[in-house]
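Novice: my_file_15.tsv is the file, holding TSV, C-alpha atoms and all ligand atoms:
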```
chain	number	residue	atom	x	y	z
A	257	MET	CA	-14.05	-12.70	-28.94
A	258	THR	CA	-14.51	-14.26	-25.51
A	259	LEU	CA	-11.96	-14.14	-22.74
A	260	GLU	CA	-10.16	-17.48	-22.64
A	261	SER	CA	-7.28	-19.00	-20.71
A	262	THR	CA	-5.18	-22.09	-21.29
A	263	LYS	CA	-2.72	-22.68	-18.46
A	264	ASN	CA	-1.13	-19.25	-18.20
A	265	ILE	CA	-1.89	-18.09	-21.76
A	266	HIS	CA	-4.68	-15.53	-21.62
A	267	LYS	CA	-6.75	-13.63	-24.14
A	268	GLY	CA	-7.73	-10.10	-23.24
A	269	ILE	CA	-9.81	-7.36	-24.83
A	270	ILE	CA	-8.53	-3.80	-24.96
A	271	LYS	CA	-10.54	-1.31	-22.92
A	272	ASN	CA	-8.39	1.75	-23.40
A	273	VAL	CA	-5.02	2.92	-24.74
A	274	GLU	CA	-3.88	6.31	-23.52
A	275	LYS	CA	-0.78	8.46	-23.88
A	276	ILE	CA	0.14	9.46	-20.31
A	277	ALA	CA	3.52	11.18	-20.73
A	278	PHE	CA	6.25	11.76	-23.33
A	279	ASN	CA	6.58	8.52	-25.34
A	280	THR	CA	4.73	6.72	-22.57
A	281	TYR	CA	1.42	4.86	-22.87
A	282	ALA	CA	-1.01	3.04	-20.58
A	283	ILE	CA	-3.11	0.10	-21.75
A	284	GLU	CA	-6.04	-1.22	-19.79
A	285	PHE	CA	-7.66	-4.46	-20.86
A	286	PHE	CA	-10.25	-6.94	-19.71
A	287	SER	CA	-8.93	-10.37	-18.75
A	288	ASN	CA	-10.08	-13.36	-16.78
A	289	LEU	CA	-6.98	-13.58	-14.59
A	290	ASN	CA	-7.82	-14.53	-11.02
A	291	ARG	CA	-4.85	-13.16	-9.13
A	292	VAL	CA	-1.80	-11.05	-9.75
A	293	PHE	CA	0.62	-9.74	-7.15
A	294	PRO	CA	2.59	-6.48	-7.30
A	295	GLY	CA	5.96	-7.12	-8.95
A	296	GLN	CA	4.63	-9.85	-11.22
A	297	PHE	CA	4.65	-9.29	-14.97
A	298	ILE	CA	2.95	-10.38	-18.16
A	299	SER	CA	4.47	-11.22	-21.54
A	300	ILE	CA	2.52	-9.96	-24.52
A	301	TYR	CA	2.39	-11.46	-28.00
A	302	CYS	CA	3.08	-8.76	-30.60
A	303	PRO	CA	2.45	-10.10	-34.12
A	304	ASN	CA	5.26	-7.98	-35.59
A	305	THR	CA	7.99	-9.44	-33.32
A	306	VAL	CA	9.22	-13.02	-32.95
A	307	LEU	CA	9.37	-12.95	-29.15
A	308	ARG	CA	6.76	-11.83	-26.64
A	309	ARG	CA	7.47	-8.59	-24.76
A	310	PRO	CA	7.48	-8.45	-20.92
A	311	PHE	CA	5.72	-5.68	-18.92
A	312	SER	CA	5.10	-5.22	-15.20
A	313	VAL	CA	1.53	-5.14	-14.02
A	314	MET	CA	0.69	-1.58	-12.99
A	315	ASP	CA	-2.80	-2.32	-11.74
A	316	PHE	CA	-5.14	-5.25	-11.38
A	317	ASP	CA	-8.82	-4.94	-10.50
A	318	GLU	CA	-10.38	-8.30	-9.70
A	319	ASN	CA	-13.89	-6.81	-9.49
A	320	LYS	CA	-13.78	-5.18	-12.93
A	321	ASN	CA	-11.57	-7.95	-14.41
A	322	THR	CA	-9.10	-5.38	-15.70
A	323	LEU	CA	-5.34	-5.31	-15.92
A	324	LYS	CA	-3.21	-2.26	-16.67
A	325	ILE	CA	0.36	-1.79	-17.89
A	326	ILE	CA	2.35	1.31	-18.76
A	327	PHE	CA	5.17	1.30	-21.25
A	328	LYS	CA	7.76	3.47	-22.92
A	329	LEU	CA	7.92	3.42	-26.68
A	330	LYS	CA	11.11	1.52	-27.64
A	331	GLY	CA	10.81	-0.52	-30.82
A	332	GLU	CA	8.43	-2.61	-32.87
A	333	GLY	CA	6.66	-4.37	-30.00
A	334	THR	CA	5.73	-1.23	-28.12
A	335	ASP	CA	4.83	0.50	-31.40
A	336	TYR	CA	2.33	-2.31	-32.06
A	337	LEU	CA	0.91	-1.97	-28.54
A	338	ARG	CA	0.37	1.78	-28.68
A	339	ASN	CA	-1.66	1.39	-31.88
A	340	LEU	CA	-4.13	-1.07	-30.33
A	341	LYS	CA	-7.73	0.16	-30.15
A	342	GLU	CA	-10.69	-0.47	-27.86
A	343	GLY	CA	-12.13	-3.92	-28.60
A	344	ASN	CA	-8.90	-5.32	-30.10
A	345	ASN	CA	-7.61	-8.65	-28.80
A	346	ILE	CA	-4.45	-9.14	-26.78
A	347	ASP	CA	-2.68	-12.44	-26.08
A	348	PHE	CA	-0.45	-12.64	-23.02
A	349	LEU	CA	1.26	-15.01	-20.59
A	350	ALA	CA	0.43	-14.28	-16.96
A	351	PRO	CA	0.97	-14.05	-14.11
A	352	LEU	CA	4.77	-14.39	-14.41
A	353	GLY	CA	7.51	-14.15	-11.79
A	354	ASN	CA	7.43	-14.00	-8.03
A	355	GLY	CA	6.32	-10.48	-7.06
A	356	PHE	CA	7.21	-8.49	-3.94
A	357	ASN	CA	7.11	-10.27	-0.59
A	358	ILE	CA	4.96	-7.77	1.31
A	359	LYS	CA	5.88	-7.25	4.96
A	360	LYS	CA	4.01	-5.34	7.66
A	361	GLN	CA	6.80	-2.79	7.99
A	362	LYS	CA	6.93	0.92	7.23
A	363	ALA	CA	7.95	1.01	3.60
A	364	LEU	CA	9.84	3.30	1.30
A	365	LEU	CA	8.78	2.81	-2.33
A	366	VAL	CA	11.24	3.92	-5.00
A	367	GLY	CA	10.24	3.98	-8.68
A	368	ALA	CA	12.22	5.54	-11.51
A	369	GLY	CA	11.00	5.99	-15.08
A	370	VAL	CA	8.53	3.31	-16.19
A	371	GLY	CA	9.88	1.30	-13.25
A	372	ILE	CA	7.15	3.15	-11.39
A	373	ALA	CA	4.59	0.66	-12.82
A	374	PRO	CA	4.91	-2.20	-10.29
A	375	ILE	CA	5.46	0.33	-7.50
A	376	LEU	CA	2.10	2.01	-8.21
A	377	PHE	CA	0.44	-1.41	-7.90
A	378	LEU	CA	2.37	-2.17	-4.71
A	379	ARG	CA	1.36	1.22	-3.24
A	380	LYS	CA	-2.30	0.41	-3.85
A	381	VAL	CA	-2.02	-2.95	-2.09
A	382	LEU	CA	-0.04	-1.52	0.87
A	383	ASN	CA	-2.71	1.16	1.32
A	384	GLU	CA	-5.49	-1.44	1.16
A	385	ARG	CA	-3.70	-3.33	3.95
A	386	ASN	CA	-3.08	-0.15	5.97
A	387	ILE	CA	0.69	-0.57	5.76
A	388	GLU	CA	2.39	2.81	6.17
A	389	ASN	CA	4.49	3.85	3.19
A	390	TYR	CA	6.28	6.77	1.59
A	391	PHE	CA	6.64	6.77	-2.19
A	392	ILE	CA	9.33	8.61	-4.17
A	393	SER	CA	9.75	8.63	-7.93
A	394	GLY	CA	12.34	9.95	-10.37
A	395	PHE	CA	12.22	10.96	-14.05
A	396	LYS	CA	14.73	12.41	-16.49
A	397	THR	CA	12.43	15.24	-17.66
A	398	GLU	CA	9.19	16.95	-16.61
A	399	GLN	CA	7.48	15.62	-19.76
A	400	GLU	CA	8.14	12.02	-18.66
A	401	VAL	CA	6.65	12.34	-15.18
A	402	ILE	CA	4.01	9.76	-14.25
A	403	LYS	CA	2.01	10.90	-11.23
A	404	GLY	CA	1.30	8.95	-8.06
A	405	ALA	CA	4.31	9.43	-5.76
A	406	ASP	CA	4.51	11.53	-2.57
A	407	LYS	CA	7.69	13.19	-3.86
A	408	THR	CA	9.01	13.31	-7.42
A	409	PHE	CA	12.57	14.10	-8.47
A	410	VAL	CA	13.08	15.48	-11.98
A	411	GLY	CA	16.50	15.74	-13.60
A	412	GLY	CA	18.67	14.61	-10.68
A	413	SER	CA	18.69	11.19	-9.09
A	414	VAL	CA	15.86	9.67	-7.09
A	415	LEU	CA	18.62	8.68	-4.63
A	416	ASP	CA	19.81	12.25	-3.96
A	417	GLU	CA	18.00	12.62	-0.62
A	418	ILE	CA	17.41	8.97	0.10
A	419	GLU	CA	19.35	8.66	3.36
A	420	ASN	CA	17.50	11.65	4.88
A	421	ILE	CA	14.17	10.29	3.66
A	422	ILE	CA	14.90	6.88	5.22
A	423	LYS	CA	15.85	8.43	8.56
A	424	GLU	CA	13.11	11.10	8.70
A	425	ASN	CA	10.39	8.57	7.90
A	426	ASN	CA	11.70	5.74	10.12
A	427	ILE	CA	11.73	3.42	7.13
A	428	GLU	CA	11.96	-0.30	7.93
A	429	ILE	CA	11.91	-1.81	4.43
A	430	ILE	CA	12.45	-0.61	0.85
A	431	TYR	CA	10.84	-1.82	-2.39
A	432	SER	CA	12.05	-0.55	-5.75
A	433	CYS	CA	11.92	-0.88	-9.52
A	434	ALA	CA	14.30	1.33	-11.46
A	435	PRO	CA	17.23	1.12	-13.89
A	436	MET	CA	19.95	-1.34	-12.80
A	437	ILE	CA	22.41	1.39	-11.82
A	438	VAL	CA	19.84	2.92	-9.43
A	439	LEU	CA	18.97	-0.48	-7.96
A	440	ARG	CA	22.62	-1.25	-7.40
A	441	LYS	CA	23.28	2.05	-5.58
A	442	LEU	CA	20.05	1.73	-3.61
A	443	SER	CA	21.05	-1.78	-2.52
A	444	GLU	CA	24.46	-0.50	-1.37
A	445	ILE	CA	22.83	2.26	0.69
A	446	ALA	CA	20.22	-0.10	2.17
A	447	ASN	CA	22.86	-2.71	3.03
A	448	ARG	CA	24.97	-0.05	4.73
A	449	LEU	CA	21.95	1.11	6.79
A	450	SER	CA	20.92	-2.54	7.46
A	451	ILE	CA	17.49	-2.02	5.89
A	452	PRO	CA	16.08	-4.87	3.77
A	453	VAL	CA	15.47	-3.91	0.15
A	454	GLN	CA	13.49	-5.82	-2.46
A	455	ILE	CA	14.29	-4.87	-6.05
A	456	ALA	CA	12.42	-5.74	-9.24
A	457	LEU	CA	15.01	-6.34	-11.98
A	458	GLU	CA	14.67	-6.04	-15.74
A	459	LYS	CA	16.69	-8.14	-18.17
A	460	VAL	CA	16.07	-8.55	-21.87
A	461	MET	CA	13.96	-11.70	-22.04
A	462	ALA	CA	13.39	-14.30	-24.74
A	463	CYS	CA	10.97	-16.86	-23.29
A	464	SER	CA	9.88	-15.14	-20.00
A	465	ILE	CA	9.12	-18.57	-18.48
A	466	GLY	CA	12.45	-19.96	-17.26
A	467	VAL	CA	13.31	-22.13	-20.27
A	468	CYS	CA	15.88	-20.33	-22.43
A	469	ARG	CA	18.21	-19.28	-19.55
A	470	GLY	CA	18.72	-15.97	-21.33
A	471	CYS	CA	17.99	-13.80	-18.29
A	472	ILE	CA	20.38	-15.37	-15.77
A	473	ILE	CA	21.98	-13.33	-12.99
A	474	LYS	CA	24.23	-14.38	-10.11
A	475	ILE	CA	22.94	-14.38	-6.57
A	476	SER	CA	24.55	-15.42	-3.31
A	477	LYS	CA	22.77	-18.17	-1.42
A	478	ASP	CA	23.95	-20.21	1.57
A	479	ASN	CA	27.52	-18.92	1.21
A	480	ASP	CA	27.55	-19.93	-2.44
A	481	ILE	CA	27.13	-18.04	-5.74
A	482	VAL	CA	24.36	-19.55	-7.86
A	483	ASN	CA	22.51	-18.73	-11.08
A	484	ALA	CA	18.96	-17.37	-10.93
A	485	SER	CA	16.62	-16.50	-13.78
A	486	VAL	CA	15.07	-13.04	-13.59
A	487	CYS	CA	11.85	-14.25	-15.24
A	488	LYS	CA	11.13	-17.23	-13.00
A	489	ASP	CA	13.15	-16.86	-9.78
A	490	GLY	CA	12.58	-13.08	-9.92
A	491	PRO	CA	12.03	-10.47	-11.10
A	492	VAL	CA	12.08	-9.46	-7.41
A	493	PHE	CA	15.27	-10.22	-5.49
A	494	LEU	CA	16.74	-9.05	-2.23
A	495	GLY	CA	19.24	-6.27	-2.89
A	496	SER	CA	21.60	-8.05	-0.48
A	497	GLU	CA	21.63	-11.30	-2.51
A	498	VAL	CA	22.31	-9.91	-6.00
A	499	VAL	CA	25.93	-10.24	-7.16
A	500	TRP	CA	26.53	-7.10	-9.20
A	501	ASP	CA	28.98	-7.42	-12.13
B	1	LIG	C1	10.19	-8.13	-16.06
B	1	LIG	C2	10.17	-6.94	-16.99
B	1	LIG	C3	9.21	-5.95	-16.79
B	1	LIG	C4	9.18	-4.85	-17.67
B	1	LIG	N1	8.24	-3.90	-17.42
B	1	LIG	C5	8.17	-2.83	-18.24
B	1	LIG	C6	7.18	-1.83	-18.01
B	1	LIG	O1	6.36	-1.91	-17.09
B	1	LIG	N2	7.14	-0.78	-18.87
B	1	LIG	C7	8.06	-0.66	-19.92
B	1	LIG	O2	8.00	0.32	-20.67
B	1	LIG	N3	9.00	-1.60	-20.14
B	1	LIG	C8	9.07	-2.68	-19.34
B	1	LIG	N4	10.03	-3.64	-19.58
B	1	LIG	C9	10.91	-3.46	-20.75
B	1	LIG	C10	10.15	-3.89	-22.01
B	1	LIG	O3	10.00	-5.30	-21.99
B	1	LIG	C11	10.93	-3.48	-23.27
B	1	LIG	O4	11.00	-2.08	-23.34
B	1	LIG	C12	10.19	-3.98	-24.50
B	1	LIG	O5	10.30	-5.39	-24.55
B	1	LIG	C13	10.77	-3.37	-25.77
B	1	LIG	O6	10.13	-4.00	-26.87
B	1	LIG	P1	10.16	-3.33	-28.31
B	1	LIG	O7	9.87	-4.41	-29.30
B	1	LIG	O8	9.28	-2.12	-28.36
B	1	LIG	O9	11.62	-2.83	-28.45
B	1	LIG	P2	12.87	-3.64	-29.03
B	1	LIG	O10	13.02	-3.28	-30.46
B	1	LIG	O11	12.80	-5.08	-28.65
B	1	LIG	O12	14.01	-3.03	-28.20
B	1	LIG	C14	14.23	-1.63	-28.17
B	1	LIG	C15	15.21	-1.37	-27.03
B	1	LIG	O13	14.68	-1.86	-25.81
B	1	LIG	C16	15.61	-2.77	-25.20
B	1	LIG	N5	14.88	-3.88	-24.61
B	1	LIG	C17	14.27	-4.88	-25.27
B	1	LIG	N6	13.74	-5.75	-24.42
B	1	LIG	C18	14.01	-5.29	-23.17
B	1	LIG	C19	13.77	-5.75	-21.86
B	1	LIG	N7	13.16	-6.90	-21.63
B	1	LIG	N8	14.21	-5.00	-20.82
B	1	LIG	C20	14.86	-3.88	-21.03
B	1	LIG	N9	15.13	-3.38	-22.24
B	1	LIG	C21	14.74	-4.08	-23.29
B	1	LIG	C22	16.49	-3.26	-26.31
B	1	LIG	O14	17.77	-3.61	-25.81
B	1	LIG	C23	16.55	-2.07	-27.24
B	1	LIG	O15	17.55	-1.16	-26.83
B	1	LIG	C24	10.10	-4.74	-18.75
B	1	LIG	C25	11.05	-5.74	-18.94
B	1	LIG	C26	11.08	-6.82	-18.07
B	1	LIG	C27	12.11	-7.89	-18.30
B	2	LIG	S1	13.79	-15.26	-20.41
B	2	LIG	FE1	14.06	-17.37	-20.82
B	2	LIG	S2	14.77	-18.10	-18.90
B	2	LIG	FE2	14.25	-16.05	-18.48
```
Could you render the structure from this file as structure tokens?
Ligand SMILES: Cc1cc2nc3c(=O)[nH]c(=O)nc-3n(C[C@H](O)[C@H](O)[C@H](O)COP(=O)(O)OP(=O)(O)OC[C@H]3O[C@@H](n4cnc5c(N)ncnc54)[C@H](O)[C@@H]3O)c2cc1C
Ligand code: FES

Specialist:
Amino acid sequence: MTLESTKNIHKGIIKNVEKIAFNTYAIEFFSNLNRVFPGQFISIYCPNTVLRRPFSVMDFDENKNTLKIIFKLKGEGTDYLRNLKEGNNIDFLAPLGNGFNIKKQKALLVGAGVGIAPILFLRKVLNERNIENYFISGFKTEQEVIKGADKTFVGGSVLDEIENIIKENNIEIIYSCAPMIVLRKLSEIANRLSIPVQIALEKVMACSIGVCRGCIIKISKDNDIVNASVCKDGPVFLGSEVVWD
């Protein structure tokens, strides 16, 4: 098969599927995507499920034409993906969503669980641009740890020492992808300390392209509360604009 693209539908060829932690896999595949930004995602066609499945981009190499995702085994879609083999085809929509708005400010990166995926990509880009950063990650168990952070919390919360870390490292901006509850608490802390925080949200998605309105959240804009779709307007939002239920 050749690599093809029609609008944002792409065909890729699997390079490698690897188990990297408990119930966690990484897939690398060749694609002909031109550009992807950290925080953007792709939506993969899995023949055994009706709807495509969304995954954050964990790495993109424009020289080698490769894209990488990591995922936790959940149901039928991820079971299909982990059984793919080198040379198999993959069909995906990309690039989707807005991505992080990278600023030249000393950054704290916070990734929890497989939420570490877009943060690993962001870390790479910040380092390439010589933007100072400190990266913390959190996992429920030792077996689930995915390497790459400067400091990893296992068992407790990634937020346990966050205020000290922010102060000791003179942090000016925070970027995060983690479970909703962590993002909510992180946003509260950042708002209290008057530090901007950009958070990559996850919502169960049907279309992934802004059509079905199934991934709507409320955000505050210009003194008003408005609807925003996580797949098209996000998945990255300012922690200060999200209206938490
Ligand atoms: C923008 C975005 C980026 C994502 N990035 C990653 C990633 O990098 N790595 C990763 O492992 N997962 C990621 N997810 C979650 C991933 O899409 C789901 O785990 C996956 O769709 C489950 O598919 P499944 O068929 O294996 O499981 P299903 O049988 O569909 O579902 C199994 C369980 O997963 C839950 N689930 C299904 N879809 C989602 C979803 N979209 N978000 C959260 N939970 C869901 C279901 O409620 C159910 O409890 C992301 C989701 C979004 C919206
Ligand atoms: S998933 Fe359909 S609008 Fe977002």

Novice: What residues have any atom no more than 8 Å from ligand LIG 1 (chain B) when counting all atoms listed in the file, and can you list them as a ChimeraX atom specification?

Specialist: /A:280,296-298,305,308-314,325-336,353,370-374,456-461,464,486-487,491

Novice: If I take atom CA of A:Asn425 and atom CA of A:Glu400, how far is one from the other in Å, to one decimal?

Specialist: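 Atom-to-atom, atom CA of A:Asn425 to atom CA of A:Glu400, that is 26.9 Å.
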
Novice: Using only C-alpha atoms and all ligand atoms, what does the table of chain A residues within 7 Å of ligand LIG 2 (chain B) look like, with each row giving the shortest atom pair and its distance in Å to one decimal, sorted by chain and ascending number, as a Markdown table?

Specialist:
```
| residue | atom | partner | partner_atom | distance |
| --- | --- | --- | --- | --- |
| A:Met461 | CA | B:LIG2 | S1 | 3.9 |
| A:Ala462 | CA | B:LIG2 | S1 | 4.5 |
| A:Cys463 | CA | B:LIG2 | FE1 | 4.0 |
| A:Ser464 | CA | B:LIG2 | S1 | 3.9 |
| A:Ile465 | CA | B:LIG2 | FE1 | 5.6 |
| A:Gly466 | CA | B:LIG2 | S2 | 3.4 |
| A:Val467 | CA | B:LIG2 | S2 | 4.5 |
| A:Cys468 | CA | B:LIG2 | FE1 | 3.8 |
| A:Arg469 | CA | B:LIG2 | S2 | 3.7 |
| A:Gly470 | CA | B:LIG2 | FE1 | 4.9 |
| A:Cys471 | CA | B:LIG2 | FE2 | 4.4 |
| A:Ile472 | CA | B:LIG2 | FE2 | 6.7 |
| A:Ser485 | CA | B:LIG2 | FE2 | 5.3 |
| A:Val486 | CA | B:LIG2 | FE2 | 5.8 |
| A:Cys487 | CA | B:LIG2 | FE2 | 4.4 |
| A:Lys488 | CA | B:LIG2 | FE2 | 6.4 |
```

Novice: I'd like the interatomic distance between atom CA of A:Ile387 and atom CA of A:Asn426, to a tenth of an Å.

Specialist: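 Between these atoms lies a distance of 13.4 Å.
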
Novice: Calculate how many Å separate atom CA of A:Asn344 from atom CA of A:Asp315, rounding to one decimal.

Specialist: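 About the pair atom CA of A:Asn344 and atom CA of A:Asp315: they are 19.6 Å apart.
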
Novice: Ranking A:Asp347, A:Phe316, A:Ala446, A:Ser496 by minimum distance to A:Lys380 and counting only C-alpha atoms, which one comes first?

Specialist: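 Between A:Asp347, A:Phe316, A:Ala446, A:Ser496, the residue approaching A:Lys380 most closely is A:Phe316.
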
Novice: Pick from A:Leu307, A:Cys302, A:Leu352, A:Ile430: nearest to A:Leu289, with all atoms listed in the file counted?

Specialist: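 Residue with the minimum atom-to-atom distance to A:Leu289: A:Leu352.
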
Novice: Closest to A:Phe391 among A:Leu449, A:Leu494, A:Val366, A:Val414, using only C-alpha atoms?

Specialist: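 Under the stated criterion, the closest residue is A:Val366.
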
Novice: Hey, what's within 8 Å of A:Asn321 if we count all atoms listed in the file and toss same-chain stuff fewer than 2 positions away? As a list in words, please?

Specialist: Phe286, Ser287, Asn288, Leu289, Phe316, Asp317, Glu318, Asn319 and Leu323 of chain A

Novice: Applying 9 Å and only C-alpha atoms, which residues near A:Phe293 remain after dropping the ones on its own chain fewer than 4 positions away? List them as a PyMOL selection string.

Specialist: chain A and resi 297+313+316+351+354-356+377-378+381

Novice: Take the point (21.7, -19.3, -6.1) in the file's coordinates, draw a sphere of radius 12 Å around it, and report as a list of chain:residue names every protein, DNA or RNA residue with an atom inside or on it, counting only C-alpha atoms.

Specialist: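 Within the cut-off we find A:Ile472, A:Ile473, A:Lys474, A:Ile475, A:Ser476, A:Lys477, A:Asp478, A:Asn479, A:Asp480, A:Ile481, A:Val482, A:Asn483, A:Ala484, A:Ser485, A:Val486, A:Asp489, A:Gly490, A:Phe493, A:Glu497, A:Val498, A:Val499.
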
Novice: How would the residues just chosen look if you wrote them out with C-alpha atoms as a tab-separated table (two decimals), in the coordinates of the input?

Specialist:
```
chain	number	residue	atom	x	y	z
A	472	ILE	CA	20.38	-15.37	-15.77
A	473	ILE	CA	21.98	-13.33	-12.99
A	474	LYS	CA	24.23	-14.38	-10.11
A	475	ILE	CA	22.94	-14.38	-6.57
A	476	SER	CA	24.55	-15.42	-3.31
A	477	LYS	CA	22.77	-18.17	-1.42
A	478	ASP	CA	23.95	-20.21	1.57
A	479	ASN	CA	27.52	-18.92	1.21
A	480	ASP	CA	27.55	-19.93	-2.44
A	481	ILE	CA	27.13	-18.04	-5.74
A	482	VAL	CA	24.36	-19.55	-7.86
A	483	ASN	CA	22.51	-18.73	-11.08
A	484	ALA	CA	18.96	-17.37	-10.93
A	485	SER	CA	16.62	-16.50	-13.78
A	486	VAL	CA	15.07	-13.04	-13.59
A	489	ASP	CA	13.15	-16.86	-9.78
A	490	GLY	CA	12.58	-13.08	-9.92
A	493	PHE	CA	15.27	-10.22	-5.49
A	497	GLU	CA	21.63	-11.30	-2.51
A	498	VAL	CA	22.31	-9.91	-6.00
A	499	VAL	CA	25.93	-10.24	-7.16
```

Novice: Given only C-alpha atoms as the basis, pick out the residue of A:Lys275, A:Arg291, A:Arg379, A:His266 nearest to A:Arg338.

Specialist: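 Answer, going by the shortest atom-to-atom distance: A:Lys275.
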
Novice: Counting all atoms listed in the file, which residue out of A:Gly495, A:Val401, A:Lys324, A:Val438 sits closest to A:Val453?

Specialist: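 That would be A:Gly495, the residue with the smallest distance to A:Val453.
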
Novice: From the options A:Phe278, A:Phe285, A:Tyr431, A:Phe348, which residue's atoms come nearest to A:Ser299, counting only C-alpha atoms?

Specialist: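 Smallest separation from A:Ser299 among the options: A:Phe348.
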
Novice: Up to 6 Å from (11.4, 2.3, 7.6) in the file's coordinates: name the residues, counting only C-alpha atoms, as a list in words.

Specialist: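 Here is the list of nearby residues: Lys362, Ala363, Asn426, Ile427, Glu428 and Ile429 of chain A.
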
Novice: Using all atoms of stretch 480-495 of chain A listed in the file and a margin of 5 Å per side, can you give the axis-aligned box centre and edge lengths in Å to one decimal, as lines of an AutoDock Vina configuration file?

Specialist:
```
center_x = 19.3
center_y = -13.1
center_z = -8.7
size_x = 26.4
size_y = 23.7
size_z = 23.0
```

Novice: Within 9 Å of A:Glu274, counting all atoms listed in the file, which residues qualify if same-chain residues fewer than 2 places away don't, as JSON, numbers by chain?

Specialist: {"A": [272, 276, 280, 281, 282, 283, 284, 338]}

Novice: May I have the selected residues written with C-alpha atoms, as a compact mmCIF listing (two decimals), keeping the file's coordinate frame?

Specialist:
```txt
# COMPACT_ATOMS: atom_id res chain seq x y z
CA ASN A 272 -8.39 1.75 -23.40
CA ILE A 276 0.14 9.46 -20.31
CA THR A 280 4.73 6.72 -22.57
CA TYR A 281 1.42 4.86 -22.87
CA ALA A 282 -1.01 3.04 -20.58
CA ILE A 283 -3.11 0.10 -21.75
CA GLU A 284 -6.04 -1.22 -19.79
CA ARG A 338 0.37 1.78 -28.68
```
